[in-house]
Amino acid sequence: MAASLRVYKRRIKSVTATKKITRAMEMIAASRIVKAQRKVAASTPYADELTSAVTAVAEGADVRHPLTTEAARPRRAAVLIITSDRGLAGAYSSNAIKAGEHLTSQLTAEGKKVDTYIVGRKGVSYYAFRERSVKRSWTGFTDNPTYADAKEVAAPLIEAIGRDTDEGGVDELHIAFTEFVSMMTQTPVERRMLPLRLEKSAEDSAEVFQQGEQTHPLYDFEPSPEQVLDALLPRYVESRVYNALLQSAASKHAATRRAMKSATDNAEDLIKSLTRLANAARQADITQEISEIVGGSSALADATAGSER
Amino acid sequence: MAELHVELVAADRKVWSGEASLVIARTTAGDIGIMPGHQPVLGVLRSGPVTIRTTGATGEGTVVVAVHGGFLSYTDGKLSLLAEVAELADEIDVQRAERSLEQAKADEDVEAERRASVRLQAAAAER
């Protein structure tokens, strides 16, 4: 029927419009990945230098400090989960949340009470829907985080680790975010930020030890080891948070790009099969019309032949 | 002569790197001058101008940087200056810094006033 041909044409048109949108989003995300990657790279020297300074102090100074000393029996832990503000990124946010959940249940199993901190609207709505308590949450900057944002996120964490556990402070600081491995691979990871793990075997905890087995010289501290540690601690947390935010942003853009690419591919497939169906319908129409004409004319011919007799 | 390799990095970028014969920075305990062969040191920086006397491939000269808080660590001929915010003196817009200093004084914003005056000090030291 001509009607079914019209329906197919209309669907092809709407799928083509969708494809244009997803293709545009794919390209936008692709250009943003590059920008985000550049920001990750630009922040790396600072993070590296800071980490080696922290390691040096942790190994060289014999001081009790939340940066280096593990509580004898840790009772509370803070978990920071980094998600995105917007969807359309495949399983990106749910994977990050899953990593956070896994971390939380693990810590709970170890007998620690967990305070949850969340970045990104997706994580916030996940927790709000399940009516789970969230200590603090931030939204609005996940696409393009600045150092000021990282400072804002880090401030309550630093404050919590500095306080006594009995007064609502925490003993440990964990973070769950999505690591940007490459354009194609982004893995959700769980890391312990504080206290630093100093055993050399624990590879997971230790970007700190990436430099390998090099020994650190004995430092002179200016003004004193305690004061240097006090000053280092917040900077260290901030830079870790900043790095996690940047990596998450890059991962989010990569996930968006991939999701939008598969949406575009699907739209293409759909258009192809719809075009096939539309062609068949058109062909069926024509065939039917021809057979109707042929049938009609032969019936006419038969009728006139009969009357002449 | 031995050289000092200096890396000056801010939180979001690398500001300056090169060879130097002397670096003068302001720590919380007072000014510190670092020359090649200094004992390993780790210090907390105060906001203030950092003066770098350059040598080697970068040529003889002086680079002044306005540093707003951070750290300094020196080992084995390598000096790292970590700053939350750092600006090269020749990047500083003096008029703008003066304006923001006045603004900060008017608002009694101690933090902003300090930032602006550090900028101006660095810009003045450059000349």
# chains A, B, ... in the order shown; residues from 1 in each chain; ligands from 1
$ residues_around --residues "region 84-95 of chain A" --least-positions-apart "4" --cutoff "7 Å" --atoms "only C-alpha atoms" --output "list in words"
Ala99, Gly120, Arg121, Lys122, Thr139, Gly140, Thr142, Pro188, Lys252, Ala255, Thr256 and Ala259 of chain A
$ write_last_selection --atoms "N, CA and C atoms" --output "compact mmCIF listing (two decimals), in the first residue's frame"
# COMPACT_ATOMS: atom_id res chain seq x y z
N ALA A 99 31.53 1.24 41.68
CA ALA A 99 32.84 1.19 42.34
C ALA A 99 32.74 1.77 43.75
N GLY A 120 28.72 15.29 41.33
CA GLY A 120 27.97 14.97 40.11
C GLY A 120 26.52 14.65 40.38
N ARG A 121 25.65 15.18 39.53
CA ARG A 121 24.21 15.06 39.73
C ARG A 121 23.73 13.61 39.68
N LYS A 122 24.39 12.81 38.83
CA LYS A 122 23.94 11.42 38.67
C LYS A 122 24.07 10.65 39.97
N THR A 139 27.65 19.74 42.57
CA THR A 139 27.30 19.53 41.17
C THR A 139 27.68 20.76 40.37
N GLY A 140 27.72 20.60 39.06
CA GLY A 140 27.84 21.77 38.19
C GLY A 140 29.18 21.98 37.53
N THR A 142 31.41 19.11 36.68
CA THR A 142 32.08 17.85 36.33
C THR A 142 32.65 17.83 34.92
N PRO A 188 36.76 2.25 36.23
CA PRO A 188 36.44 2.78 37.55
C PRO A 188 37.42 2.22 38.57
N LYS A 252 34.51 10.78 31.19
CA LYS A 252 33.10 11.03 30.87
C LYS A 252 32.95 11.41 29.40
N ALA A 255 33.43 8.38 27.31
CA ALA A 255 32.25 7.51 27.37
C ALA A 255 31.12 8.08 26.53
N THR A 256 30.94 9.40 26.61
CA THR A 256 29.91 10.06 25.80
C THR A 256 30.19 9.83 24.32
N ALA A 259 29.32 6.28 23.44
CA ALA A 259 27.88 6.05 23.44
C ALA A 259 27.23 6.70 22.21
$ interface_residues --of "chain A" --to "chain B" --cutoff "12 Å" --atoms "only C-alpha atoms" --output "MDAnalysis selection string"
chainID A and resid 36 38:57 60:61 145:148 150:151 215:236 238:243 246
$ residues_around --residues "region 54-56 of chain B" --least-positions-apart "6" --cutoff "9 Å" --atoms "only C-alpha atoms" --output "compact mmCIF listing (two decimals) with C-alpha atoms, in the first residue's frame"
# COMPACT_ATOMS: atom_id res chain seq x y z
CA GLU B 3 73.98 24.09 37.99
CA LEU B 4 70.64 23.96 39.61
CA GLY B 18 65.49 25.62 33.35
CA GLU B 19 68.96 25.98 34.80
CA ALA B 20 69.82 28.46 37.51
CA SER B 21 72.74 29.45 39.71
CA LEU B 22 70.70 30.86 42.57
CA VAL B 23 67.11 30.80 43.67
CA THR B 62 66.75 36.97 36.22
CA VAL B 63 63.28 35.52 36.33
$ residues_around --residues "Glu26 (chain A)" --least-positions-apart "4" --cutoff "12 Å" --atoms "only C-alpha atoms" --output "PyMOL selection string"
chain A and resi 19-22+30-33+88-89+253-265
$ write_last_selection --atoms "C-alpha atoms" --output "PDB file, in the first residue's frame"
ATOM      1  CA  LYS A  19      21.530  10.605  13.734  1.00  0.00           C
ATOM      2  CA  LYS A  20      22.545  14.166  13.001  1.00  0.00           C
ATOM      3  CA  ILE A  21      22.175  15.067  16.658  1.00  0.00           C
ATOM      4  CA  THR A  22      24.119  12.081  17.960  1.00  0.00           C
ATOM      5  CA  ALA A  30      35.702  13.999  20.910  1.00  0.00           C
ATOM      6  CA  SER A  31      37.007  17.555  20.915  1.00  0.00           C
ATOM      7  CA  ARG A  32      36.432  17.823  24.661  1.00  0.00           C
ATOM      8  CA  ILE A  33      38.416  14.657  25.383  1.00  0.00           C
ATOM      9  CA  LEU A  88      24.162  10.075  27.609  1.00  0.00           C
ATOM     10  CA  ALA A  89      27.471   8.515  28.488  1.00  0.00           C
ATOM     11  CA  HIS A 253      33.765  12.698  27.538  1.00  0.00           C
ATOM     12  CA  ALA A 254      35.267   9.485  26.179  1.00  0.00           C
ATOM     13  CA  ALA A 255      32.254   7.505  27.370  1.00  0.00           C
ATOM     14  CA  THR A 256      29.910  10.058  25.801  1.00  0.00           C
ATOM     15  CA  ARG A 257      31.797   9.848  22.564  1.00  0.00           C
ATOM     16  CA  ARG A 258      31.557   6.072  22.520  1.00  0.00           C
ATOM     17  CA  ALA A 259      27.880   6.046  23.435  1.00  0.00           C
ATOM     18  CA  MET A 260      27.091   8.631  20.775  1.00  0.00           C
ATOM     19  CA  LYS A 261      29.151   6.801  18.193  1.00  0.00           C
ATOM     20  CA  SER A 262      27.211   3.594  18.744  1.00  0.00           C
ATOM     21  CA  ALA A 263      23.968   5.589  18.667  1.00  0.00           C
ATOM     22  CA  THR A 264      25.005   7.034  15.294  1.00  0.00           C
ATOM     23  CA  ASP A 265      25.955   3.575  14.018  1.00  0.00           C
TER      24      ASP A 265
END
$ atom_distance --atom1 "CA of Gly111 (chain A)" --atom2 "CA of Pro74 (chain A)"
8.4 Å
$ select_by_dssp --residues "region 15-126 of chain B" --states "helix (DSSP H, G or I)" --output "count of residues only"
37
$ residues_around --residues "Ala122 (chain B)" --least-positions-apart "2" --cutoff "12 Å" --atoms "only C-alpha atoms" --output "count of residues only"
34
$ select_by_dssp --residues "region 109-288 of chain A" --states "strand (DSSP E)" --output "PDB file with N, CA and C atoms, in the first residue's frame"
ATOM      1  N   LYS A 113      32.415   2.916  59.813  1.00  0.00           N
ATOM      2  CA  LYS A 113      31.238   3.674  59.426  1.00  0.00           C
ATOM      3  C   LYS A 113      31.650   4.573  58.265  1.00  0.00           C
ATOM      4  N   VAL A 114      30.802   4.617  57.256  1.00  0.00           N
ATOM      5  CA  VAL A 114      31.211   5.334  56.052  1.00  0.00           C
ATOM      6  C   VAL A 114      30.424   6.628  55.879  1.00  0.00           C
ATOM      7  N   ASP A 115      31.145   7.725  55.689  1.00  0.00           N
ATOM      8  CA  ASP A 115      30.540   8.996  55.301  1.00  0.00           C
ATOM      9  C   ASP A 115      30.705   9.138  53.799  1.00  0.00           C
ATOM     10  N   THR A 116      29.598   9.416  53.115  1.00  0.00           N
ATOM     11  CA  THR A 116      29.684   9.496  51.663  1.00  0.00           C
ATOM     12  C   THR A 116      29.676  10.945  51.191  1.00  0.00           C
ATOM     13  N   TYR A 117      30.595  11.242  50.309  1.00  0.00           N
ATOM     14  CA  TYR A 117      30.659  12.547  49.656  1.00  0.00           C
ATOM     15  C   TYR A 117      30.522  12.301  48.165  1.00  0.00           C
ATOM     16  N   ILE A 118      29.717  13.118  47.495  1.00  0.00           N
ATOM     17  CA  ILE A 118      29.447  12.839  46.082  1.00  0.00           C
ATOM     18  C   ILE A 118      29.666  14.070  45.203  1.00  0.00           C
ATOM     19  N   VAL A 119      30.267  13.826  44.064  1.00  0.00           N
ATOM     20  CA  VAL A 119      30.387  14.870  43.048  1.00  0.00           C
ATOM     21  C   VAL A 119      29.582  14.417  41.840  1.00  0.00           C
ATOM     22  N   ARG A 136      28.072  15.357  51.997  1.00  0.00           N
ATOM     23  CA  ARG A 136      28.127  16.587  51.193  1.00  0.00           C
ATOM     24  C   ARG A 136      28.069  16.198  49.727  1.00  0.00           C
ATOM     25  N   SER A 137      27.545  17.080  48.902  1.00  0.00           N
ATOM     26  CA  SER A 137      27.580  16.796  47.470  1.00  0.00           C
ATOM     27  C   SER A 137      27.792  18.085  46.697  1.00  0.00           C
ATOM     28  N   TRP A 138      28.377  17.928  45.518  1.00  0.00           N
ATOM     29  CA  TRP A 138      28.659  19.086  44.678  1.00  0.00           C
ATOM     30  C   TRP A 138      28.206  18.765  43.261  1.00  0.00           C
ATOM     31  N   GLU A 172      40.043   7.532  57.740  1.00  0.00           N
ATOM     32  CA  GLU A 172      40.553   7.217  56.410  1.00  0.00           C
ATOM     33  C   GLU A 172      39.817   8.032  55.349  1.00  0.00           C
ATOM     34  N   LEU A 173      40.479   8.187  54.227  1.00  0.00           N
ATOM     35  CA  LEU A 173      39.907   8.943  53.123  1.00  0.00           C
ATOM     36  C   LEU A 173      40.025   8.087  51.870  1.00  0.00           C
ATOM     37  N   HIS A 174      38.881   7.749  51.299  1.00  0.00           N
ATOM     38  CA  HIS A 174      38.910   6.938  50.075  1.00  0.00           C
ATOM     39  C   HIS A 174      38.280   7.720  48.939  1.00  0.00           C
ATOM     40  N   ILE A 175      38.605   7.306  47.722  1.00  0.00           N
ATOM     41  CA  ILE A 175      38.036   7.994  46.570  1.00  0.00           C
ATOM     42  C   ILE A 175      37.707   6.959  45.493  1.00  0.00           C
ATOM     43  N   ALA A 176      36.534   7.114  44.875  1.00  0.00           N
ATOM     44  CA  ALA A 176      36.161   6.247  43.758  1.00  0.00           C
ATOM     45  C   ALA A 176      35.920   7.129  42.544  1.00  0.00           C
ATOM     46  N   PHE A 177      36.683   6.902  41.498  1.00  0.00           N
ATOM     47  CA  PHE A 177      36.505   7.711  40.294  1.00  0.00           C
ATOM     48  C   PHE A 177      36.834   6.861  39.070  1.00  0.00           C
ATOM     49  N   THR A 178      36.734   7.447  37.895  1.00  0.00           N
ATOM     50  CA  THR A 178      36.996   6.700  36.676  1.00  0.00           C
ATOM     51  C   THR A 178      38.333   7.123  36.102  1.00  0.00           C
ATOM     52  N   GLU A 179      39.221   6.164  36.009  1.00  0.00           N
ATOM     53  CA  GLU A 179      40.555   6.474  35.520  1.00  0.00           C
ATOM     54  C   GLU A 179      40.553   6.474  33.996  1.00  0.00           C
ATOM     55  N   PHE A 180      41.173   7.496  33.445  1.00  0.00           N
ATOM     56  CA  PHE A 180      41.264   7.595  31.986  1.00  0.00           C
ATOM     57  C   PHE A 180      42.522   6.873  31.536  1.00  0.00           C
ATOM     58  N   GLN A 186      38.374   3.196  29.927  1.00  0.00           N
ATOM     59  CA  GLN A 186      38.284   3.958  31.161  1.00  0.00           C
ATOM     60  C   GLN A 186      37.830   2.993  32.238  1.00  0.00           C
ATOM     61  N   THR A 187      38.607   2.902  33.302  1.00  0.00           N
ATOM     62  CA  THR A 187      38.250   1.941  34.335  1.00  0.00           C
ATOM     63  C   THR A 187      37.892   2.648  35.626  1.00  0.00           C
ATOM     64  N   PRO A 188      36.756   2.252  36.229  1.00  0.00           N
ATOM     65  CA  PRO A 188      36.439   2.784  37.546  1.00  0.00           C
ATOM     66  C   PRO A 188      37.419   2.223  38.574  1.00  0.00           C
ATOM     67  N   VAL A 189      37.949   3.090  39.418  1.00  0.00           N
ATOM     68  CA  VAL A 189      38.934   2.630  40.399  1.00  0.00           C
ATOM     69  C   VAL A 189      38.572   3.118  41.794  1.00  0.00           C
ATOM     70  N   GLU A 190      39.078   2.402  42.788  1.00  0.00           N
ATOM     71  CA  GLU A 190      38.912   2.792  44.194  1.00  0.00           C
ATOM     72  C   GLU A 190      40.302   2.986  44.769  1.00  0.00           C
ATOM     73  N   ARG A 191      40.506   4.123  45.374  1.00  0.00           N
ATOM     74  CA  ARG A 191      41.844   4.397  45.920  1.00  0.00           C
ATOM     75  C   ARG A 191      41.722   4.879  47.347  1.00  0.00           C
ATOM     76  N   ARG A 192      42.764   4.569  48.125  1.00  0.00           N
ATOM     77  CA  ARG A 192      42.817   5.155  49.455  1.00  0.00           C
ATOM     78  C   ARG A 192      43.753   6.342  49.392  1.00  0.00           C
ATOM     79  N   MET A 193      43.221   7.509  49.725  1.00  0.00           N
ATOM     80  CA  MET A 193      44.050   8.719  49.678  1.00  0.00           C
ATOM     81  C   MET A 193      44.877   8.842  50.945  1.00  0.00           C
ATOM     82  N   LEU A 194      44.204   8.703  52.080  1.00  0.00           N
ATOM     83  CA  LEU A 194      44.862   8.868  53.369  1.00  0.00           C
ATOM     84  C   LEU A 194      44.392   7.795  54.334  1.00  0.00           C
ATOM     85  N   ASP A 220      66.240  18.481  55.239  1.00  0.00           N
ATOM     86  CA  ASP A 220      66.124  19.522  56.241  1.00  0.00           C
ATOM     87  C   ASP A 220      64.714  20.062  56.105  1.00  0.00           C
ATOM     88  N   PHE A 221      64.022  20.223  57.217  1.00  0.00           N
ATOM     89  CA  PHE A 221      62.674  20.758  57.093  1.00  0.00           C
ATOM     90  C   PHE A 221      62.626  22.212  57.523  1.00  0.00           C
ATOM     91  N   GLU A 222      61.925  22.949  56.744  1.00  0.00           N
ATOM     92  CA  GLU A 222      61.864  24.392  56.975  1.00  0.00           C
ATOM     93  C   GLU A 222      60.405  24.797  57.070  1.00  0.00           C
TER      94      GLU A 222
END
$ residues_around --residues "Ala280 (chain A)" --least-positions-apart "6" --cutoff "10 Å" --atoms "only C-alpha atoms" --output "list of chain:residue names"
A:Leu5, A:Leu274, A:Ile286
$ write_last_selection --atoms "N, CA and C atoms" --output "JSON list (two decimals), in the first residue's frame"
[["chain", "number", "residue", "atom", "x", "y", "z"],
["A", 5, "LEU", "N", 4.40, 2.83, 2.67],
["A", 5, "LEU", "CA", 5.57, 3.53, 2.12],
["A", 5, "LEU", "C", 5.73, 4.88, 2.81],
["A", 274, "LEU", "N", 15.37, 0.33, 7.12],
["A", 274, "LEU", "CA", 14.11, 1.00, 6.78],
["A", 274, "LEU", "C", 14.04, 1.32, 5.30],
["A", 286, "ILE", "N", 4.14, -0.87, -6.95],
["A", 286, "ILE", "CA", 4.22, -0.82, -8.41],
["A", 286, "ILE", "C", 3.72, -2.14, -9.01]]
